[in-house]
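Source file: structure10.json. Holds: JSON, C-alpha atoms.
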```json
[["chain", "number", "residue", "atom", "x", "y", "z"],
["J", 1, "ALA", "CA", 21.52, -13.47, -24.55],
["J", 2, "ALA", "CA", 23.73, -14.55, -21.64],
["J", 3, "ASP", "CA", 23.48, -11.03, -20.16],
["J", 4, "ALA", "CA", 19.68, -11.16, -20.33],
["J", 5, "ARG", "CA", 19.63, -14.52, -18.57],
["J", 6, "ALA", "CA", 22.01, -13.23, -15.90],
["J", 7, "GLY", "CA", 19.68, -10.28, -15.26],
["J", 8, "LEU", "CA", 16.73, -12.62, -14.88],
["J", 9, "ALA", "CA", 18.69, -14.81, -12.52],
["J", 10, "CYS", "CA", 19.53, -11.81, -10.35],
["J", 11, "GLN", "CA", 15.89, -10.73, -10.23],
["J", 12, "ALA", "CA", 14.66, -14.23, -9.47],
["J", 13, "GLY", "CA", 17.40, -14.86, -6.93],
["J", 14, "GLY", "CA", 16.54, -11.90, -4.70],
["J", 15, "PRO", "CA", 14.50, -12.19, -1.53],
["J", 16, "VAL", "CA", 10.96, -13.33, -2.18],
["J", 17, "GLU", "CA", 8.50, -10.60, -1.18],
["J", 18, "PRO", "CA", 4.95, -11.54, -0.24],
["J", 19, "LYS", "CA", 2.24, -10.48, -2.70],
["J", 20, "SER", "CA", 0.05, -9.09, 0.09],
["J", 21, "LEU", "CA", 0.46, -7.99, 3.69],
["J", 22, "ALA", "CA", -2.09, -7.11, 6.38],
["J", 23, "PHE", "CA", -1.70, -3.96, 8.47],
["J", 24, "VAL", "CA", -3.59, -2.29, 11.31],
["J", 25, "VAL", "CA", -4.09, 1.48, 10.96],
["J", 26, "SER", "CA", -2.82, 3.47, 13.95],
["J", 27, "HIS", "CA", -3.26, 7.00, 12.49],
["J", 28, "VAL", "CA", -5.05, 8.60, 9.53],
["J", 29, "ASP", "CA", -4.15, 12.02, 8.08],
["J", 30, "ARG", "CA", -5.93, 13.75, 5.19],
["J", 31, "ARG", "CA", -4.17, 16.03, 2.71],
["J", 32, "PRO", "CA", -5.88, 19.16, 1.30],
["J", 33, "ALA", "CA", -6.64, 17.36, -1.99],
["J", 34, "GLY", "CA", -8.44, 14.64, -0.01],
["J", 35, "GLU", "CA", -5.94, 11.78, -0.19],
["J", 36, "PHE", "CA", -5.14, 9.92, 3.00],
["J", 37, "ILE", "CA", -1.82, 9.20, 4.65],
["J", 38, "LEU", "CA", -1.89, 6.11, 6.85],
["J", 39, "THR", "CA", 0.48, 5.20, 9.64],
["J", 40, "PHE", "CA", 0.37, 1.52, 10.54],
["J", 41, "GLU", "CA", 1.10, -0.07, 13.91],
["J", 42, "ASN", "CA", 4.49, -1.25, 12.59],
["J", 43, "GLY", "CA", 5.50, 2.38, 11.85],
["J", 44, "GLU", "CA", 5.18, 2.21, 8.06],
["J", 45, "VAL", "CA", 3.58, 5.24, 6.37],
["J", 46, "TRP", "CA", 1.62, 4.91, 3.12],
["J", 47, "GLN", "CA", -0.08, 7.58, 1.01],
["J", 48, "GLN", "CA", -3.04, 7.26, -1.33],
["J", 49, "ALA", "CA", -1.80, 7.59, -4.92],
["J", 50, "ASP", "CA", -5.12, 7.44, -6.79],
["J", 51, "LEU", "CA", -7.65, 10.12, -5.83],
["J", 52, "ARG", "CA", -10.38, 8.74, -8.10],
["J", 53, "ASN", "CA", -11.29, 6.07, -5.54],
["J", 54, "LYS", "CA", -12.70, 7.14, -2.19],
["J", 55, "VAL", "CA", -11.93, 4.66, 0.58],
["J", 56, "ASP", "CA", -13.18, 5.09, 4.15],
["J", 57, "ILE", "CA", -10.34, 4.18, 6.52],
["J", 58, "LYS", "CA", -10.37, 4.70, 10.28],
["J", 59, "ARG", "CA", -7.94, 4.15, 13.13],
["J", 60, "GLY", "CA", -7.96, 0.48, 14.17],
["J", 61, "ASP", "CA", -9.04, -0.80, 10.74],
["J", 62, "GLN", "CA", -7.22, -3.78, 9.30],
["J", 63, "VAL", "CA", -6.27, -3.35, 5.64],
["J", 64, "VAL", "CA", -4.38, -5.43, 3.10],
["J", 65, "ILE", "CA", -1.77, -4.03, 0.71],
["J", 66, "ARG", "CA", -1.24, -6.09, -2.42],
["J", 67, "ARG", "CA", 1.66, -5.79, -4.84],
["J", 68, "SER", "CA", 0.86, -6.31, -8.51],
["J", 69, "THR", "CA", 3.22, -7.90, -11.00],
["J", 70, "SER", "CA", 3.92, -4.38, -12.33],
["J", 71, "GLY", "CA", 5.13, -3.30, -8.87],
["J", 72, "ALA", "CA", 2.15, -1.06, -8.05],
["J", 73, "PHE", "CA", 0.56, -1.34, -4.60],
["J", 74, "THR", "CA", -3.18, -1.54, -3.94],
["J", 75, "LEU", "CA", -4.76, -1.07, -0.52],
["J", 76, "VAL", "CA", -7.94, -3.05, 0.13],
["J", 77, "SER", "CA", -10.19, -2.17, 3.07],
["J", 78, "ARG", "CA", -12.23, -4.66, 5.09],
["J", 79, "ASP", "CA", -15.36, -3.85, 3.08],
["J", 80, "GLY", "CA", -13.57, -4.44, -0.23],
["J", 81, "GLN", "CA", -12.92, -0.83, -1.28],
["J", 82, "SER", "CA", -9.55, -0.42, -2.97],
["J", 83, "THR", "CA", -7.17, 2.30, -4.12],
["J", 84, "ARG", "CA", -3.56, 2.58, -5.25],
["J", 85, "VAL", "CA", -1.06, 3.59, -2.57],
["J", 86, "LYS", "CA", 2.67, 4.28, -2.30],
["J", 87, "ARG", "CA", 5.00, 3.82, 0.63],
["J", 88, "VAL", "CA", 6.27, 7.07, 2.12],
["J", 89, "HIS", "CA", 8.31, 5.75, 5.08]]
```
How does the structure come out when it is put into structure tokens?
Amino acid sequence: AADARAGLACQAGGPVEPKSLAFVVSHVDRRPAGEFILTFENGEVWQQADLRNKVDIKRGDQVVIRRSTSGAFTLVSRDGQSTRVKRVH
């Protein structure tokens, strides 16, 4: 039981990450299967992980990436469209 509490303490004691962050799209690439790869103005690169949802993203768009309690990331466009994404770089 002490080991379990220690593990929880380590997880809780780490740096607090925000649940959502806003980004501005500087470049959009499309893969052959149709998923997008976004480069943001801060240099981060994210790829669409869920091809079931079509989201229209263009250069200059502001988007929000939210982290769920399970650790998955969801991108939300200005018009409310959303899809799961993963960080590439």
* For atom CA of J:Val24 and atom CA of J:Thr83, determine how far apart the two atoms are, in Å to one decimal place. => 16.5 Å
* **Residues near J:Val88, cut-off 9 Å, only C-alpha atoms, skip fewer than 4 positions along chain, as a PyMOL selection string** => chain J and resi 37+44-47
* Residue contacts of J:Glu41 (9 Å, only C-alpha atoms) excluding same-chain residues fewer than 5 positions away, as a list in words ->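 The residues that qualify are Phe23, Val24, Val25, Ser26 and His27 of chain J.
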* Between atom CA of J:Phe73 and atom CA of J:Pro32, measure the distance and give it in Å to one decimal. => 22.3 Å
* In Å, how far is it from atom CA of J:Ala22 to atom CA of J:Arg66? ->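 Atom CA of J:Arg66 lies 8.9 Å from atom CA of J:Ala22.
Nearest to J:Lys86 of all the residues J:Thr74, J:Ser68, J:Asn42, J:Ser20 is J:Thr74, counting all atoms listed in the file.
The smallest atom-to-atom distance between J:Arg84 and any of J:Arg59, J:Val64, J:Gln48, J:Thr69, using only C-alpha atoms, is found for J:Gln48.
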* Counting only C-alpha atoms, the option among J:Leu21, J:Leu51, J:Val63, J:Val85 closest to J:Ala33 ->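 Distance minimum relative to J:Ala33 lands on J:Leu51.
The smallest atom-to-atom distance between J:Ala49 and any of J:Val76, J:Arg87, J:Gln62, J:Gly71, using all atoms listed in the file, is found for J:Arg87.
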Please provide the set of residues having any atom within 10 Å of J:Asp29, restricted to only C-alpha atoms, with same-chain residues fewer than 4 positions apart removed, written as a short mmCIF file (atom, residue, chain, number, x, y, z; two decimals) with C-alpha atoms, in the coordinates of the input.
```cif
data_model
loop_
_atom_site.label_atom_id
_atom_site.label_comp_id
_atom_site.auth_asym_id
_atom_site.auth_seq_id
_atom_site.Cartn_x
_atom_site.Cartn_y
_atom_site.Cartn_z
CA GLY J 34 -8.44 14.64 -0.01
CA GLU J 35 -5.94 11.78 -0.19
CA PHE J 36 -5.14 9.92 3.00
CA ILE J 37 -1.82 9.20 4.65
CA LEU J 38 -1.89 6.11 6.85
CA THR J 39 0.48 5.20 9.64
CA GLN J 47 -0.08 7.58 1.01
CA LYS J 58 -10.37 4.70 10.28
#
```
* Expected answer as a list in words: all residues with atoms within 10 Å of (-16.1, -0.4, 1.7), all atoms listed in the file -> Lys54, Val55, Asp56, Ile57, Val76, Ser77, Arg78, Asp79, Gly80, Gln81 and Ser82 of chain J
Padding of 5 Å on every side, edges along x, y and z, all listed atoms of stretch 30-48 of chain J included: what centre and edge lengths in Å, to one decimal, does that box have, as lines of an AutoDock Vina configuration file?
```
center_x = -1.5
center_y = 9.0
center_z = 6.0
size_x = 23.9
size_y = 30.4
size_z = 25.9
```
